[in-house]
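Report on the structure given below.
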Amino acid sequence: MTAPAEGGAPAGAGPTDTDWAAAAAAVRGLSADARVLLICHVNPDGDALGSMLGFGLGLRRFGVRQLQATFPGPPGVPEPFRWLPGLDLLVPQDDAYPDPDLVICFDAASESRLGDLVDRLDKAGAALVLDHHASNTRFGGIHLVDPHAAATSVVAEGLLDRLGVPLDAEIATCLYVALSTDTGSFRFEATTPAVHEMAARLLATGIHPGDISRRIFDTRPFGAVRLFGEVLVRARLEPAAAAGRGLVWTYATQEDLARHDQPAYVLEALIDSVRCTAEADVSCVLKQVSPAEWAVSLRSKGAVDVSAVAVALGGGGHRFAAGFTGRGSVDEVVDRIRAELDGALLTG
Ligand code: AMP
Ligand code: MN
Ligand code: MN
């Protein structure tokens with residue numbers, strides 16, 4: 001089950017005119033010396049970084065002078081994103097304003113995704129949340145949460161537009177990275193006409209989609225290629241799982257990473273090589289974070305609501321792409337997933 005929305009808006013509804021007006025007013029009302037802190041979710045992906053940095057560059061154009069962007073955990077940006085415009089906005093979490101006038105969160109469905117930075121929410125003058133997870137817990141004060149948006153960058157573009165900030169190539173590059181990441185390069189169901197219309201606006205600034213896609217999707221060190229090979233060899237197919245819809249899963253340990261001298265983020269692309277399995281609706285990758293802790297990625301082709309599985313196990317996400325932190329051995333974590341799958345079936 002996804003978390004019910006609190007407050008007046010029905011679950012699944014996007015931002016109201018009042019929400020948009022409140023968000024725009026929070027930015028327009030900033031004084032000239034106001035400090036603004038942007039935060040995206042832990043282990044940032046293309047949407048988290050792209051929507052945050054794209055919006056940050058827009059805020060800079062808007063005239064915000066004291067502006068920082070950050071995310072919880074180690075400050076390193078994954079190599080595929082290390083060329084993004086706006087990286088100069090980033091600071092390590094410990095250097096982030098302790099009590100900003102405005103904090104803006106990107107692509108985080110719950111406070112737990114903000115790690116140690118969660119204290120900034122209470123200490124900030126106001127907290128604005130831009131997100132597109134149906135499971136968003138409505139933390140923070142002002143919510144621009146649109147479960148129908150393909151990416152948080154769709155919401156970010158909407159707010160920039162309302163603030164009168166025009167797109168330029170740098171902003172557009174960041175928002176395009178976010179949009180193409182969360183739509184799987186415009187392949188997933190969320191790829192609506194509105195998504196292509198937004199992509200057209202971004203491309204019209206003169207950005208280069210071929211270069212961008214190659215850098216973020218089609219480039220990986222040789223060590224990672226070999227690592228993927230080993231991890232894929234140990235994949236298991238369980239045709240009877242999920243009431244016969246099938247489950248395919250594998251795992252990667254810290255030892256695997258060390259053996260191939262690879263950083264943890266290379267594993268983010270692994271789920272894409274697993275989820276193509278024809279015989280399984282549900283796919284799963286366990287990525288070891290510490291000896292008994294796993295970052296778990298879940299995907300479905302449409303028969304199972306994997307966000308229900310993830311929420312039941314303490315995480316969140318979208319219907320067909322979700323995740324959680326699993327504790328214990330690989331077998332224990334996979335047992336728990338198996339047990340939740342039957343109850344998460346969407347079709348008979
Ligand atoms: P990933 O498998 O990491 O690409 O994540 C897929 C989706 O699940 C994203 O929308 C994430 O925001 C969400 N997600 C992943 N891990 C967690 C977690 N530990 N808690 C809540 N949501 C998560
Ligand atoms: Mn994300
Ligand atoms: Mn997203």
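Each chain in the structure tokens gets a letter, A, B and so on, in the order shown; residues start at 1 in every chain, and ligands are counted from 1 in the order they appear.
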
Per residue of chain A within 6 Å of ligand 1, what are the shortest atom pair and its distance in Å to one decimal, counting only C-alpha atoms and all ligand atoms, with rows by chain and residue number, as CSV?
```
residue,atom,partner,partner_atom_place_in_ligand_line,distance
A:Ser297,CA,ligand 1,2 (O),3.6
A:Leu298,CA,ligand 1,2 (O),5.8
A:Gly315,CA,ligand 1,20 (N),3.6
A:Gly316,CA,ligand 1,22 (N),3.6
A:Gly317,CA,ligand 1,8 (O),3.7
A:His318,CA,ligand 1,10 (O),5.6
A:Ala321,CA,ligand 1,6 (C),4.7
A:Ala322,CA,ligand 1,8 (O),3.1
A:Gly323,CA,ligand 1,15 (C),3.4
A:Phe324,CA,ligand 1,19 (N),3.5
A:Thr325,CA,ligand 1,19 (N),4.7
```

Please tabulate, as a tab-separated table, the residues of chain A that come within 10 Å of ligand 2, each with its closest pair of atoms and the distance in Å to one decimal, counting only C-alpha atoms and all ligand atoms and ordering rows by chain, then residue number upward.
```
residue	atom	partner	partner_atom_place_in_ligand_line	distance
A:Cys40	CA	ligand 2	1 (Mn)	8.4
A:His41	CA	ligand 2	1 (Mn)	6.8
A:Val42	CA	ligand 2	1 (Mn)	8.8
A:Asn43	CA	ligand 2	1 (Mn)	8.4
A:Pro44	CA	ligand 2	1 (Mn)	6.4
A:Asp45	CA	ligand 2	1 (Mn)	5.2
A:Gly46	CA	ligand 2	1 (Mn)	6.9
A:Asp47	CA	ligand 2	1 (Mn)	5.3
A:Ala48	CA	ligand 2	1 (Mn)	5.0
A:Leu49	CA	ligand 2	1 (Mn)	8.4
A:Gly50	CA	ligand 2	1 (Mn)	9.8
A:Ser51	CA	ligand 2	1 (Mn)	9.7
A:Phe106	CA	ligand 2	1 (Mn)	8.4
A:Asp107	CA	ligand 2	1 (Mn)	5.3
A:Ala108	CA	ligand 2	1 (Mn)	7.0
A:Ala109	CA	ligand 2	1 (Mn)	9.0
A:Arg113	CA	ligand 2	1 (Mn)	9.8
A:Asp131	CA	ligand 2	1 (Mn)	9.2
A:His132	CA	ligand 2	1 (Mn)	9.4
A:His133	CA	ligand 2	1 (Mn)	9.2
A:Ala151	CA	ligand 2	1 (Mn)	8.3
A:Thr152	CA	ligand 2	1 (Mn)	8.2
A:Ala178	CA	ligand 2	1 (Mn)	8.8
A:Thr181	CA	ligand 2	1 (Mn)	9.0
A:Asp182	CA	ligand 2	1 (Mn)	7.6
A:Gly317	CA	ligand 2	1 (Mn)	8.6
A:Ala322	CA	ligand 2	1 (Mn)	9.8
```

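The smallest atom-to-atom distance between A:Ala264 and any of A:Lys301, A:Arg338, A:Lys287, A:Arg245, using only C-alpha atoms, is found for A:Lys287.
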
Practice task
May I have the residues within 12 Å of A:Asp101 as an MDAnalysis selection string, using only C-alpha atoms and disregarding those fewer than 3 positions away in the same chain?
Solution key: chainID A and resid 26:27 29:38 64 66:68 97:98 104 120:128

Take the residues that were just selected and, keeping C-alpha atoms, output them as a PDB file, in the first residue's frame.
```
ATOM      1  CA  ALA A  26       8.136  31.279  -0.891  1.00  0.00           C
ATOM      2  CA  VAL A  27      10.762  32.075  -3.546  1.00  0.00           C
ATOM      3  CA  GLY A  29       9.368  36.518  -0.794  1.00  0.00           C
ATOM      4  CA  LEU A  30      13.066  35.840  -0.204  1.00  0.00           C
ATOM      5  CA  SER A  31      15.104  38.843   0.886  1.00  0.00           C
ATOM      6  CA  ALA A  32      18.222  39.802  -1.073  1.00  0.00           C
ATOM      7  CA  ASP A  33      20.527  38.132   1.473  1.00  0.00           C
ATOM      8  CA  ALA A  34      18.400  35.024   2.065  1.00  0.00           C
ATOM      9  CA  ARG A  35      20.201  31.666   2.252  1.00  0.00           C
ATOM     10  CA  VAL A  36      18.599  28.884   0.231  1.00  0.00           C
ATOM     11  CA  LEU A  37      19.552  25.229   0.663  1.00  0.00           C
ATOM     12  CA  LEU A  38      18.649  22.617  -1.955  1.00  0.00           C
ATOM     13  CA  VAL A  64      19.271  34.209  -5.315  1.00  0.00           C
ATOM     14  CA  GLN A  66      23.376  32.657  -1.244  1.00  0.00           C
ATOM     15  CA  LEU A  67      22.604  29.256  -2.641  1.00  0.00           C
ATOM     16  CA  GLN A  68      23.863  25.786  -1.771  1.00  0.00           C
ATOM     17  CA  TYR A  97      23.700  26.122   5.947  1.00  0.00           C
ATOM     18  CA  PRO A  98      22.560  24.916   9.395  1.00  0.00           C
ATOM     19  CA  ILE A 104      13.909  22.916  -1.066  1.00  0.00           C
ATOM     20  CA  ARG A 120      17.471  21.365   8.203  1.00  0.00           C
ATOM     21  CA  LEU A 121      13.724  20.957   7.679  1.00  0.00           C
ATOM     22  CA  ASP A 122      12.971  22.073  11.236  1.00  0.00           C
ATOM     23  CA  LYS A 123      15.631  24.749  11.326  1.00  0.00           C
ATOM     24  CA  ALA A 124      14.680  26.357   8.001  1.00  0.00           C
ATOM     25  CA  GLY A 125      12.354  29.333   7.720  1.00  0.00           C
ATOM     26  CA  ALA A 126      10.253  27.353   5.225  1.00  0.00           C
ATOM     27  CA  ALA A 127      10.481  23.919   3.606  1.00  0.00           C
ATOM     28  CA  LEU A 128       9.356  23.323   0.032  1.00  0.00           C
TER      29      LEU A 128
END
```

With only C-alpha atoms counted and 9 Å as the cut-off, give the residues of stretch 155-255 of chain A in contact with stretch 77-81 of chain A, each with its shortest interatomic distance in Å and the pair that gives it, as JSON lines.
```
{"residue": "A:Val177", "atom": "CA", "partner": "A:Phe81", "partner_atom": "CA", "distance": 8.9}
{"residue": "A:Arg215", "atom": "CA", "partner": "A:Pro80", "partner_atom": "CA", "distance": 5.9}
{"residue": "A:Ile216", "atom": "CA", "partner": "A:Pro80", "partner_atom": "CA", "distance": 4.9}
{"residue": "A:Phe217", "atom": "CA", "partner": "A:Pro80", "partner_atom": "CA", "distance": 7.9}
{"residue": "A:Thr219", "atom": "CA", "partner": "A:Pro80", "partner_atom": "CA", "distance": 7.6}
{"residue": "A:Arg220", "atom": "CA", "partner": "A:Pro80", "partner_atom": "CA", "distance": 8.4}
```

Go ahead and write the selection's residues with N, CA and C atoms as a CSV table (one decimal), in the first residue's frame.
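Okay, this is what ended up in result.csv:
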```csv
chain,number,residue,atom,x,y,z
A,177,VAL,N,18.7,15.5,-18.3
A,177,VAL,CA,19.3,14.4,-17.7
A,177,VAL,C,18.2,13.7,-16.7
A,215,ARG,N,26.9,9.8,-22.2
A,215,ARG,CA,27.6,10.0,-21.0
A,215,ARG,C,26.9,9.3,-19.8
A,216,ILE,N,25.6,9.4,-19.8
A,216,ILE,CA,24.9,8.9,-18.6
A,216,ILE,C,24.4,7.5,-18.7
A,217,PHE,N,24.2,7.0,-19.9
A,217,PHE,CA,23.7,5.6,-20.0
A,217,PHE,C,24.7,4.6,-20.6
A,219,THR,N,28.2,4.6,-20.9
A,219,THR,CA,29.6,4.7,-20.6
A,219,THR,C,29.9,4.0,-19.3
A,220,ARG,N,30.8,3.0,-19.2
A,220,ARG,CA,31.1,2.4,-18.0
A,220,ARG,C,32.5,1.8,-18.1
```

Problem - atom CA of A:Glu279 to atom CA of A:Leu247, straight-line distance in Å - result: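 According to the coordinates, atom CA of A:Leu247 and atom CA of A:Glu279 are separated by 8.0 Å.
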